[in-house]
file model21.cif (mmCIF, C-alpha atoms)
data_work
#
loop_
_atom_site.group_PDB
_atom_site.id
_atom_site.type_symbol
_atom_site.label_atom_id
_atom_site.label_comp_id
_atom_site.auth_asym_id
_atom_site.auth_seq_id
_atom_site.Cartn_x
_atom_site.Cartn_y
_atom_site.Cartn_z
ATOM 1 C CA ASP A 30 93.775 81.575 136.436
ATOM 2 C CA GLY A 31 91.756 80.982 133.296
ATOM 3 C CA GLY A 32 93.605 80.660 130.058
ATOM 4 C CA ILE A 33 94.994 78.577 127.257
ATOM 5 C CA THR A 34 98.043 76.421 127.789
ATOM 6 C CA GLN A 35 100.177 75.143 124.955
ATOM 7 C CA SER A 36 102.993 72.658 125.336
ATOM 8 C CA PRO A 37 105.768 72.187 124.683
ATOM 9 C CA LYS A 38 107.145 75.662 124.088
ATOM 10 C CA TYR A 39 109.801 74.303 121.720
ATOM 11 C CA LEU A 40 109.662 71.080 119.726
ATOM 12 C CA PHE A 41 112.025 69.433 117.293
ATOM 13 C CA ARG A 42 110.893 66.964 114.685
ATOM 14 C CA LYS A 43 113.013 64.380 112.962
ATOM 15 C CA GLU A 44 112.497 63.389 109.340
ATOM 16 C CA GLY A 45 109.487 61.083 108.958
ATOM 17 C CA GLN A 46 108.278 61.632 112.506
ATOM 18 C CA ASN A 47 104.805 62.627 113.668
ATOM 19 C CA VAL A 48 104.679 65.083 116.564
ATOM 20 C CA THR A 49 101.747 66.252 118.676
ATOM 21 C CA LEU A 50 101.262 69.739 120.058
ATOM 22 C CA SER A 51 99.077 70.095 123.126
ATOM 23 C CA CYS A 52 96.443 72.795 123.678
ATOM 24 C CA GLU A 53 94.291 72.954 126.816
ATOM 25 C CA GLN A 54 91.850 75.694 127.852
ATOM 26 C CA ASN A 55 89.858 76.278 131.025
ATOM 27 C CA LEU A 56 87.849 79.214 129.715
ATOM 28 C CA ASN A 57 84.827 77.023 128.988
ATOM 29 C CA HIS A 58 84.971 78.138 125.352
ATOM 30 C CA ASP A 59 83.224 76.007 122.778
ATOM 31 C CA ALA A 60 85.380 76.916 119.792
ATOM 32 C CA MET A 61 89.078 76.163 119.407
ATOM 33 C CA TYR A 62 91.504 76.840 116.595
ATOM 34 C CA TRP A 63 94.997 76.045 115.368
ATOM 35 C CA TYR A 64 97.018 78.568 113.401
ATOM 36 C CA ARG A 65 100.433 78.566 111.860
ATOM 37 C CA GLN A 66 102.552 81.709 111.662
ATOM 38 C CA ASP A 67 105.585 82.016 109.401
ATOM 39 C CA PRO A 68 107.957 85.008 109.467
ATOM 40 C CA GLY A 69 106.467 88.023 107.719
ATOM 41 C CA GLN A 70 103.131 86.305 107.195
ATOM 42 C CA GLY A 71 99.778 86.514 108.854
ATOM 43 C CA LEU A 72 98.239 83.699 110.834
ATOM 44 C CA ARG A 73 96.891 80.903 108.676
ATOM 45 C CA LEU A 74 94.105 78.640 109.914
ATOM 46 C CA ILE A 75 94.922 74.927 110.033
ATOM 47 C CA TYR A 76 91.862 73.433 111.756
ATOM 48 C CA TYR A 77 89.039 74.628 113.934
ATOM 49 C CA SER A 78 86.439 72.989 116.125
ATOM 50 C CA GLN A 79 83.092 74.423 117.156
ATOM 51 C CA ILE A 80 82.104 71.623 119.474
ATOM 52 C CA VAL A 81 83.339 68.371 120.974
ATOM 53 C CA ASN A 82 83.795 65.524 118.485
ATOM 54 C CA ASP A 83 83.551 67.874 115.526
ATOM 55 C CA PHE A 84 86.247 69.771 113.631
ATOM 56 C CA GLN A 85 86.717 71.377 110.244
ATOM 57 C CA LYS A 86 89.664 71.940 107.932
ATOM 58 C CA GLY A 87 91.015 75.428 107.600
ATOM 59 C CA ASP A 88 93.025 76.883 104.753
ATOM 60 C CA ILE A 89 96.172 74.766 105.190
ATOM 61 C CA ALA A 90 95.057 71.447 106.731
ATOM 62 C CA GLU A 91 97.201 69.156 104.569
ATOM 63 C CA GLY A 92 99.781 67.299 106.622
ATOM 64 C CA TYR A 93 98.005 67.980 109.925
ATOM 65 C CA SER A 94 95.405 66.168 112.009
ATOM 66 C CA VAL A 95 93.404 67.057 115.121
ATOM 67 C CA SER A 96 90.979 65.560 117.616
ATOM 68 C CA ARG A 97 88.431 67.088 119.971
ATOM 69 C CA GLU A 98 87.463 64.440 122.495
ATOM 70 C CA LYS A 99 87.056 66.916 125.329
ATOM 71 C CA LYS A 100 85.882 70.504 125.399
ATOM 72 C CA GLU A 101 89.091 71.576 127.102
ATOM 73 C CA SER A 102 91.539 69.922 124.741
ATOM 74 C CA PHE A 103 92.382 70.283 121.043
ATOM 75 C CA PRO A 104 95.704 68.582 120.202
ATOM 76 C CA LEU A 105 97.355 69.057 116.811
ATOM 77 C CA THR A 106 99.467 66.355 115.174
ATOM 78 C CA VAL A 107 102.004 67.419 112.580
ATOM 79 C CA THR A 108 102.441 64.369 110.402
ATOM 80 C CA SER A 109 105.380 63.332 108.253
ATOM 81 C CA ALA A 110 103.306 64.405 105.247
ATOM 82 C CA GLN A 111 103.832 68.035 106.238
ATOM 83 C CA LYS A 112 107.047 68.772 104.362
ATOM 84 C CA ASN A 113 107.682 72.245 105.718
ATOM 85 C CA PRO A 114 106.611 72.123 109.364
ATOM 86 C CA THR A 115 109.010 74.723 110.782
ATOM 87 C CA ALA A 116 106.785 77.511 112.126
ATOM 88 C CA PHE A 117 105.218 79.088 115.196
ATOM 89 C CA TYR A 118 101.985 77.243 116.052
ATOM 90 C CA LEU A 119 99.257 79.069 117.918
ATOM 91 C CA CYS A 120 96.148 77.644 119.529
ATOM 92 C CA ALA A 121 93.173 79.879 120.219
ATOM 93 C CA SER A 122 89.672 79.635 121.643
ATOM 94 C CA SER A 123 86.535 81.753 121.512
ATOM 95 C CA ILE A 124 83.027 81.918 122.924
ATOM 96 C CA ASP A 125 80.220 80.686 120.700
ATOM 97 C CA PRO A 126 79.006 83.890 118.982
ATOM 98 C CA GLY A 127 75.445 82.767 119.658
ATOM 99 C CA ASP A 128 76.103 83.083 123.387
ATOM 100 C CA LEU A 129 76.945 86.770 123.160
ATOM 101 C CA PRO A 130 74.446 89.620 123.410
ATOM 102 C CA SER A 131 73.831 91.433 120.159
ATOM 103 C CA GLY A 132 75.975 94.471 119.610
ATOM 104 C CA LEU A 133 79.123 92.915 121.003
ATOM 105 C CA ALA A 134 81.980 92.054 118.703
ATOM 106 C CA LYS A 135 81.824 88.397 117.830
ATOM 107 C CA ASN A 136 84.485 85.746 117.735
ATOM 108 C CA ILE A 137 87.185 87.380 119.840
ATOM 109 C CA GLN A 138 89.949 84.809 119.940
ATOM 110 C CA TYR A 139 92.287 84.264 122.879
ATOM 111 C CA PHE A 140 95.643 82.671 122.245
ATOM 112 C CA GLY A 141 98.007 80.343 124.003
ATOM 113 C CA ALA A 142 101.716 81.191 124.213
ATOM 114 C CA GLY A 143 102.520 79.089 121.163
ATOM 115 C CA THR A 144 104.831 76.230 120.236
ATOM 116 C CA ARG A 145 107.891 76.717 118.030
ATOM 117 C CA LEU A 146 108.458 73.665 115.880
ATOM 118 C CA SER A 147 111.728 73.069 114.077
ATOM 119 C CA VAL A 148 113.021 70.237 111.937
ATOM 120 C CA LEU A 149 116.237 68.473 112.899
ATOM 121 C CA ARG B 9 93.700 91.829 96.360
ATOM 122 C CA LYS B 10 94.445 90.462 99.831
ATOM 123 C CA GLU B 11 91.492 90.054 102.176
ATOM 124 C CA VAL B 12 93.162 92.195 104.827
ATOM 125 C CA GLU B 13 96.031 94.532 104.034
ATOM 126 C CA GLN B 14 98.348 96.433 106.314
ATOM 127 C CA ASP B 15 101.474 98.486 105.768
ATOM 128 C CA PRO B 16 104.210 96.292 107.300
ATOM 129 C CA GLY B 17 106.241 99.314 108.422
ATOM 130 C CA PRO B 18 108.346 99.629 110.442
ATOM 131 C CA PHE B 19 107.027 102.871 111.819
ATOM 132 C CA ASN B 20 109.843 104.432 113.855
ATOM 133 C CA VAL B 21 108.467 107.193 116.075
ATOM 134 C CA PRO B 22 109.890 109.148 119.023
ATOM 135 C CA GLU B 23 108.434 108.790 122.482
ATOM 136 C CA GLY B 24 105.424 111.027 122.957
ATOM 137 C CA ALA B 25 104.503 111.067 119.279
ATOM 138 C CA THR B 26 101.105 110.228 117.843
ATOM 139 C CA VAL B 27 101.032 107.453 115.263
ATOM 140 C CA ALA B 28 98.223 106.002 113.175
ATOM 141 C CA PHE B 29 97.860 102.739 111.277
ATOM 142 C CA ASN B 30 95.277 101.825 108.696
ATOM 143 C CA CYS B 31 94.048 98.453 107.596
ATOM 144 C CA THR B 32 91.900 97.783 104.533
ATOM 145 C CA TYR B 33 89.620 94.793 104.049
ATOM 146 C CA SER B 34 88.052 93.448 100.887
ATOM 147 C CA ASN B 35 84.939 91.639 102.117
ATOM 148 C CA SER B 36 82.104 94.132 102.425
ATOM 149 C CA ALA B 37 80.135 91.582 104.471
ATOM 150 C CA SER B 38 82.693 91.735 107.301
ATOM 151 C CA GLN B 39 81.021 92.085 110.658
ATOM 152 C CA SER B 40 83.578 92.294 113.450
ATOM 153 C CA PHE B 41 86.902 94.050 113.575
ATOM 154 C CA PHE B 42 89.759 93.938 116.036
ATOM 155 C CA TRP B 43 93.244 95.161 116.715
ATOM 156 C CA TYR B 44 95.654 92.714 118.316
ATOM 157 C CA ARG B 45 99.138 93.402 119.589
ATOM 158 C CA GLN B 46 101.922 90.878 119.096
ATOM 159 C CA ASP B 47 105.291 91.228 120.803
ATOM 160 C CA CYS B 48 108.344 89.590 119.271
ATOM 161 C CA ARG B 49 108.111 85.796 119.501
ATOM 162 C CA LYS B 50 104.933 85.956 121.585
ATOM 163 C CA GLU B 51 101.278 85.247 120.976
ATOM 164 C CA PRO B 52 98.831 87.903 119.729
ATOM 165 C CA LYS B 53 96.806 89.616 122.440
ATOM 166 C CA LEU B 54 93.575 91.502 121.953
ATOM 167 C CA LEU B 55 94.134 95.241 122.103
ATOM 168 C CA MET B 56 90.620 96.369 121.317
ATOM 169 C CA SER B 57 87.519 95.611 119.310
ATOM 170 C CA VAL B 58 86.479 98.194 116.735
ATOM 171 C CA TYR B 59 82.899 99.379 116.724
ATOM 172 C CA SER B 60 81.041 101.367 114.083
ATOM 173 C CA SER B 61 80.819 104.401 116.332
ATOM 174 C CA GLY B 62 84.541 104.319 117.048
ATOM 175 C CA ASN B 63 85.950 103.566 120.455
ATOM 176 C CA GLU B 64 88.694 104.741 122.721
ATOM 177 C CA ASP B 65 90.713 103.059 125.433
ATOM 178 C CA GLY B 66 93.135 105.397 127.110
ATOM 179 C CA ARG B 67 95.737 106.454 124.561
ATOM 180 C CA PHE B 68 94.305 104.154 121.886
ATOM 181 C CA THR B 69 91.490 105.066 119.504
ATOM 182 C CA ALA B 70 90.034 102.708 116.926
ATOM 183 C CA GLN B 71 87.734 103.671 114.089
ATOM 184 C CA LEU B 72 85.815 101.862 111.375
ATOM 185 C CA ASN B 73 84.959 103.259 107.969
ATOM 186 C CA ARG B 74 82.586 100.814 106.294
ATOM 187 C CA ALA B 75 82.129 102.911 103.160
ATOM 188 C CA SER B 76 85.850 102.820 102.385
ATOM 189 C CA GLN B 77 86.382 99.434 104.033
ATOM 190 C CA TYR B 78 89.143 100.271 106.420
ATOM 191 C CA ILE B 79 89.823 100.393 110.127
ATOM 192 C CA SER B 80 92.348 102.566 111.872
ATOM 193 C CA LEU B 81 94.276 102.609 115.120
ATOM 194 C CA LEU B 82 95.582 105.836 116.627
ATOM 195 C CA ILE B 83 98.122 105.779 119.442
ATOM 196 C CA ARG B 84 98.707 109.029 121.290
ATOM 197 C CA ASP B 85 101.686 109.869 123.508
ATOM 198 C CA SER B 86 103.630 106.780 122.375
ATOM 199 C CA LYS B 87 105.555 104.875 125.037
ATOM 200 C CA LEU B 88 108.587 102.649 124.587
ATOM 201 C CA SER B 89 106.366 99.756 125.727
ATOM 202 C CA ASP B 90 104.088 100.310 122.721
ATOM 203 C CA SER B 91 106.804 98.852 120.483
ATOM 204 C CA ALA B 92 105.236 95.754 118.941
ATOM 205 C CA THR B 93 103.512 94.497 115.822
ATOM 206 C CA TYR B 94 99.851 95.465 115.516
ATOM 207 C CA LEU B 95 97.602 92.980 113.754
ATOM 208 C CA CYS B 96 94.360 93.923 112.079
ATOM 209 C CA VAL B 97 91.737 91.170 112.334
ATOM 210 C CA VAL B 98 88.490 90.967 110.395
ATOM 211 C CA ASN B 99 85.631 88.538 110.902
ATOM 212 C CA ALA B 100 83.230 88.033 108.005
ATOM 213 C CA GLY B 101 80.969 85.901 110.142
ATOM 214 C CA GLY B 102 81.317 82.300 111.166
ATOM 215 C CA TYR B 103 84.144 80.527 112.859
ATOM 216 C CA GLN B 104 86.279 80.124 109.781
ATOM 217 C CA LYS B 105 86.008 83.583 108.369
ATOM 218 C CA VAL B 106 88.474 85.335 110.646
ATOM 219 C CA THR B 107 91.341 86.836 108.700
ATOM 220 C CA PHE B 108 94.517 88.225 110.227
ATOM 221 C CA GLY B 109 96.576 90.911 108.564
ATOM 222 C CA THR B 110 100.339 90.458 108.401
ATOM 223 C CA GLY B 111 100.812 93.253 110.919
ATOM 224 C CA THR B 112 102.355 96.711 111.173
ATOM 225 C CA LYS B 113 105.546 96.983 113.159
ATOM 226 C CA LEU B 114 105.910 99.946 115.503
ATOM 227 C CA GLN B 115 109.203 100.933 117.080
ATOM 228 C CA VAL B 116 109.085 103.742 119.615
ATOM 229 C CA ILE B 117 112.455 105.391 120.004
ATOM 230 C CA PRO B 118 113.730 107.135 123.168
#
call {"tool": "encode", "arguments": {"input": "model21.cif", "output": "C-alpha cells"}}
result
Amino acid sequence: DGGITQSPKYLFRKEGQNVTLSCEQNLNHDAMYWYRQDPGQGLRLIYYSQIVNDFQKGDIAEGYSVSREKKESFPLTVTSAQKNPTAFYLCASSIDPGDLPSGLAKNIQYFGAGTRLSVL
Amino acid sequence: RKEVEQDPGPFNVPEGATVAFNCTYSNSASQSFFWYRQDCRKEPKLLMSVYSSGNEDGRFTAQLNRASQYISLLIRDSKLSDSATYLCVVNAGGYQKVTFGTGTKLQVIP
C-alpha cells in the first residue's frame, strides 16, 4: 500500500535533548513537508523540501532541523533550542505541481498519521 | 486579517440535517482550494478539491466564490460519522503558500 509512514506515534523528550521524528513515503512524491499543530490552531509549516538535497524554512523553523538525503525520507529533528516542543507533528507529501495536467487542483498534500511529542 | 478564516463552531446538528460551512481567504491570488477532514487526534485527510464551477461528491458539495473570496462546504443528510473538524485549505501558488484554516468542528447528534 502506498502512503506516508511516521514514527514513532508518541515521543517524549527530556530537557536539553534532541529528538528525531521519522517520515517515509512510497508515493514517489517530490515534495515533502513538516507541520506542527497545537490545540485550537491551524497547521503551521516548519520546513519543506521540493527535491532531494534541498529544503526550505517554513514559518516556524527555529529550533528544528531537517535533511533530505533520499526522495522517500524527510526526518525532522527537534533540537534543545525549541523551548516549547509539545505538539502534534505531521509530515505530508505532494506531487510536483508541474507534473499535473492544467485544470487540476495543485499541491494536494497527503499526510502521515502524525507523531505526538511531549516534554518530560 | 487572517489569511484563512473559519468559524470554529461547534456546529451541533441532528442526523439527517443539512449543514454548511464557509471559509474566507485574504489572498486574491489564491489558486487552489480544498476541504480536508480531521478526526480527533488523527491526521487531516483530503475530502475534496474545490473548483471554480463548484463540485459535488455524494452528499458533499463545495463551491468557490472568487469575487467575495470564500469557499463553502455543504453536507446533506448528515450522518453520525460526519462528526469531525473540517479544515479549509488555500494554496496561493508554490510549495510554501499553502495555508490551513483552524477548522470548523461538526458534531452530528442522534
call {"tool": "atom_distance", "arguments": {"input": "model21.cif", "atom1": "CA of Pro104 in chain A", "atom2": "CA of Leu95 in chain B"}}
result
25.3 Å
call {"tool": "interface_residues", "arguments": {"input": "model21.cif", "of": "chain B", "to": "chain A", "cutoff": "9 Å", "atoms": "all atoms listed in the file", "output": "PyMOL selection string"}}
result
chain B and resi 16+39-42+49-54+57-59+95+99+101-104+106-111
call {"tool": "atom_distance", "arguments": {"input": "model21.cif", "atom1": "CA of Asp47 in chain B", "atom2": "CA of Tyr94 in chain B"}}
result
8.7 Å
call {"tool": "axis_aligned_box", "arguments": {"input": "model21.cif", "around": "range 31-44 of chain B", "padding_each_side": "6 Å", "output": "lines of an AutoDock Vina configuration file"}}
result
center_x = 87.9
center_y = 95.0
center_z = 109.6
size_x = 27.5
size_y = 18.9
size_z = 29.4
call {"tool": "closest_residue", "arguments": {"input": "model21.cif", "among": "B:Gln77, B:Pro22, B:Phe29, B:Glu64", "to": "Val98 in chain B", "atoms": "all atoms listed in the file"}}
result
B:Gln77
call {"tool": "closest_residue", "arguments": {"input": "model21.cif", "among": "B:Ser91, B:Trp43, B:Ser61, B:Cys96", "to": "Glu23 in chain B", "atoms": "all atoms listed in the file"}}
result
B:Ser91
call {"tool": "residues_around", "arguments": {"input": "model21.cif", "residues": "Lys43 in chain A", "least_positions_apart": "5", "cutoff": "10 Å", "atoms": "only C-alpha atoms", "output": "ChimeraX atom specification"}}
result
/A:48,109,147-149
call {"tool": "closest_residue", "arguments": {"input": "model21.cif", "among": "A:Ser51, A:Asn113, A:Ser96, A:Asn57", "to": "Gln35 in chain A", "atoms": "all atoms listed in the file"}}
result
A:Ser51
call {"tool": "resolve_selection", "arguments": {"input": "model21.cif", "expression": "the PyMOL selection byres ((chain B and resi 113) around 7)", "output": "PDB file with C-alpha atoms, in the frame of the given file"}}
result
ATOM      1  CA  PRO B  16     104.210  96.292 107.300  1.00  0.00           C
ATOM      2  CA  GLY B  17     106.241  99.314 108.422  1.00  0.00           C
ATOM      3  CA  PRO B  18     108.346  99.629 110.442  1.00  0.00           C
ATOM      4  CA  PHE B  19     107.027 102.871 111.819  1.00  0.00           C
ATOM      5  CA  ALA B  92     105.236  95.754 118.941  1.00  0.00           C
ATOM      6  CA  THR B  93     103.512  94.497 115.822  1.00  0.00           C
ATOM      7  CA  TYR B  94      99.851  95.465 115.516  1.00  0.00           C
ATOM      8  CA  GLY B 111     100.812  93.253 110.919  1.00  0.00           C
ATOM      9  CA  THR B 112     102.355  96.711 111.173  1.00  0.00           C
ATOM     10  CA  LEU B 114     105.910  99.946 115.503  1.00  0.00           C
ATOM     11  CA  GLN B 115     109.203 100.933 117.080  1.00  0.00           C
TER      12      GLN B 115
END
call {"tool": "atom_distance", "arguments": {"input": "model21.cif", "atom1": "CA of Ile89 in chain A", "atom2": "CA of Tyr64 in chain A"}}
result
9.1 Å
call {"tool": "closest_residue", "arguments": {"input": "model21.cif", "among": "B:Val97, B:Ala25, B:Leu82, B:Ile117", "to": "Tyr44 in chain B", "atoms": "all atoms listed in the file"}}
result
B:Val97
call {"tool": "resolve_selection", "arguments": {"input": "model21.cif", "expression": "the PyMOL selection byres ((chain B and resi 31) around 7)", "output": "short mmCIF file (atom, residue, chain, number, x, y, z; two decimals) with C-alpha atoms, keeping the file's coordinate frame"}}
result
data_model
loop_
_atom_site.label_atom_id
_atom_site.label_comp_id
_atom_site.auth_asym_id
_atom_site.auth_seq_id
_atom_site.Cartn_x
_atom_site.Cartn_y
_atom_site.Cartn_z
CA VAL B 12 93.16 92.20 104.83
CA GLU B 13 96.03 94.53 104.03
CA GLN B 14 98.35 96.43 106.31
CA PHE B 29 97.86 102.74 111.28
CA ASN B 30 95.28 101.82 108.70
CA THR B 32 91.90 97.78 104.53
CA TYR B 33 89.62 94.79 104.05
CA TYR B 78 89.14 100.27 106.42
CA ILE B 79 89.82 100.39 110.13
CA SER B 80 92.35 102.57 111.87
CA CYS B 96 94.36 93.92 112.08
#
call {"tool": "resolve_selection", "arguments": {"input": "model21.cif", "expression": "the PyMOL selection byres ((chain A and resi 91) around 8)", "output": "list in words"}}
result
Ile89, Ala90, Gly92, Tyr93, Ala110 and Gln111 of chain A
call {"tool": "closest_residue", "arguments": {"input": "model21.cif", "among": "B:Arg67, B:Arg84, B:Arg9, B:Arg74", "to": "Ser38 in chain B", "atoms": "all atoms listed in the file"}}
result
B:Arg74
call {"tool": "build_atoms", "arguments": {"input": "model21.cif", "residues": "range 93-119 of chain A", "atoms": "N, CA and C atoms", "output": "PDB file, keeping the file's coordinate frame"}}
result
ATOM      1  N   TYR A  93      98.339  67.809 108.518  1.00  0.00           N
ATOM      2  CA  TYR A  93      98.005  67.980 109.925  1.00  0.00           C
ATOM      3  C   TYR A  93      96.768  67.161 110.265  1.00  0.00           C
ATOM      4  N   SER A  94      96.637  66.793 111.545  1.00  0.00           N
ATOM      5  CA  SER A  94      95.405  66.168 112.009  1.00  0.00           C
ATOM      6  C   SER A  94      95.106  66.656 113.422  1.00  0.00           C
ATOM      7  N   VAL A  95      93.823  66.601 113.799  1.00  0.00           N
ATOM      8  CA  VAL A  95      93.404  67.057 115.121  1.00  0.00           C
ATOM      9  C   VAL A  95      92.383  66.090 115.688  1.00  0.00           C
ATOM     10  N   SER A  96      92.082  66.266 116.972  1.00  0.00           N
ATOM     11  CA  SER A  96      90.979  65.560 117.616  1.00  0.00           C
ATOM     12  C   SER A  96      90.364  66.510 118.626  1.00  0.00           C
ATOM     13  N   ARG A  97      89.096  66.255 118.957  1.00  0.00           N
ATOM     14  CA  ARG A  97      88.431  67.088 119.971  1.00  0.00           C
ATOM     15  C   ARG A  97      87.532  66.157 120.798  1.00  0.00           C
ATOM     16  N   GLU A  98      88.187  65.399 121.666  1.00  0.00           N
ATOM     17  CA  GLU A  98      87.463  64.440 122.495  1.00  0.00           C
ATOM     18  C   GLU A  98      86.905  65.086 123.750  1.00  0.00           C
ATOM     19  N   LYS A  99      87.521  66.186 124.154  1.00  0.00           N
ATOM     20  CA  LYS A  99      87.056  66.916 125.329  1.00  0.00           C
ATOM     21  C   LYS A  99      86.951  68.388 124.990  1.00  0.00           C
ATOM     22  N   LYS A 100      86.065  69.084 125.669  1.00  0.00           N
ATOM     23  CA  LYS A 100      85.882  70.504 125.399  1.00  0.00           C
ATOM     24  C   LYS A 100      87.161  71.281 125.665  1.00  0.00           C
ATOM     25  N   GLU A 101      87.917  70.821 126.667  1.00  0.00           N
ATOM     26  CA  GLU A 101      89.091  71.576 127.102  1.00  0.00           C
ATOM     27  C   GLU A 101      90.312  71.365 126.222  1.00  0.00           C
ATOM     28  N   SER A 102      90.310  70.349 125.393  1.00  0.00           N
ATOM     29  CA  SER A 102      91.539  69.922 124.741  1.00  0.00           C
ATOM     30  C   SER A 102      91.399  69.831 123.224  1.00  0.00           C
ATOM     31  N   PHE A 103      92.417  70.295 122.513  1.00  0.00           N
ATOM     32  CA  PHE A 103      92.382  70.283 121.043  1.00  0.00           C
ATOM     33  C   PHE A 103      93.806  70.055 120.533  1.00  0.00           C
ATOM     34  N   PRO A 104      94.332  68.833 120.634  1.00  0.00           N
ATOM     35  CA  PRO A 104      95.704  68.582 120.202  1.00  0.00           C
ATOM     36  C   PRO A 104      95.856  68.575 118.687  1.00  0.00           C
ATOM     37  N   LEU A 105      97.017  69.014 118.243  1.00  0.00           N
ATOM     38  CA  LEU A 105      97.355  69.057 116.811  1.00  0.00           C
ATOM     39  C   LEU A 105      98.523  68.116 116.551  1.00  0.00           C
ATOM     40  N   THR A 106      98.368  67.232 115.589  1.00  0.00           N
ATOM     41  CA  THR A 106      99.467  66.355 115.174  1.00  0.00           C
ATOM     42  C   THR A 106     100.010  66.838 113.843  1.00  0.00           C
ATOM     43  N   VAL A 107     101.317  67.065 113.815  1.00  0.00           N
ATOM     44  CA  VAL A 107     102.004  67.419 112.580  1.00  0.00           C
ATOM     45  C   VAL A 107     102.571  66.118 112.027  1.00  0.00           C
ATOM     46  N   THR A 108     102.050  65.675 110.924  1.00  0.00           N
ATOM     47  CA  THR A 108     102.441  64.369 110.402  1.00  0.00           C
ATOM     48  C   THR A 108     103.664  64.493 109.493  1.00  0.00           C
ATOM     49  N   SER A 109     104.213  63.354 109.138  1.00  0.00           N
ATOM     50  CA  SER A 109     105.380  63.332 108.253  1.00  0.00           C
ATOM     51  C   SER A 109     105.025  63.832 106.848  1.00  0.00           C
ATOM     52  N   ALA A 110     103.743  63.902 106.556  1.00  0.00           N
ATOM     53  CA  ALA A 110     103.306  64.405 105.247  1.00  0.00           C
ATOM     54  C   ALA A 110     103.452  65.925 105.132  1.00  0.00           C
ATOM     55  N   GLN A 111     103.634  66.587 106.256  1.00  0.00           N
ATOM     56  CA  GLN A 111     103.832  68.035 106.238  1.00  0.00           C
ATOM     57  C   GLN A 111     105.314  68.278 105.994  1.00  0.00           C
ATOM     58  N   LYS A 112     105.650  68.700 104.792  1.00  0.00           N
ATOM     59  CA  LYS A 112     107.047  68.772 104.362  1.00  0.00           C
ATOM     60  C   LYS A 112     107.784  70.014 104.841  1.00  0.00           C
ATOM     61  N   ASN A 113     107.049  71.005 105.252  1.00  0.00           N
ATOM     62  CA  ASN A 113     107.682  72.245 105.718  1.00  0.00           C
ATOM     63  C   ASN A 113     107.067  72.653 107.057  1.00  0.00           C
ATOM     64  N   PRO A 114     107.321  71.889 108.116  1.00  0.00           N
ATOM     65  CA  PRO A 114     106.611  72.123 109.364  1.00  0.00           C
ATOM     66  C   PRO A 114     107.192  73.224 110.238  1.00  0.00           C
ATOM     67  N   THR A 115     108.367  73.723 109.918  1.00  0.00           N
ATOM     68  CA  THR A 115     109.010  74.723 110.782  1.00  0.00           C
ATOM     69  C   THR A 115     108.173  75.991 110.805  1.00  0.00           C
ATOM     70  N   ALA A 116     107.657  76.349 111.984  1.00  0.00           N
ATOM     71  CA  ALA A 116     106.785  77.511 112.126  1.00  0.00           C
ATOM     72  C   ALA A 116     106.464  77.702 113.604  1.00  0.00           C
ATOM     73  N   PHE A 117     105.743  78.769 113.868  1.00  0.00           N
ATOM     74  CA  PHE A 117     105.218  79.088 115.196  1.00  0.00           C
ATOM     75  C   PHE A 117     103.747  78.692 115.166  1.00  0.00           C
ATOM     76  N   TYR A 118     103.346  77.747 116.045  1.00  0.00           N
ATOM     77  CA  TYR A 118     101.985  77.243 116.052  1.00  0.00           C
ATOM     78  C   TYR A 118     101.223  77.847 117.229  1.00  0.00           C
ATOM     79  N   LEU A 119     100.062  78.395 116.917  1.00  0.00           N
ATOM     80  CA  LEU A 119      99.257  79.069 117.918  1.00  0.00           C
ATOM     81  C   LEU A 119      97.885  78.422 118.015  1.00  0.00           C
TER      82      LEU A 119
END
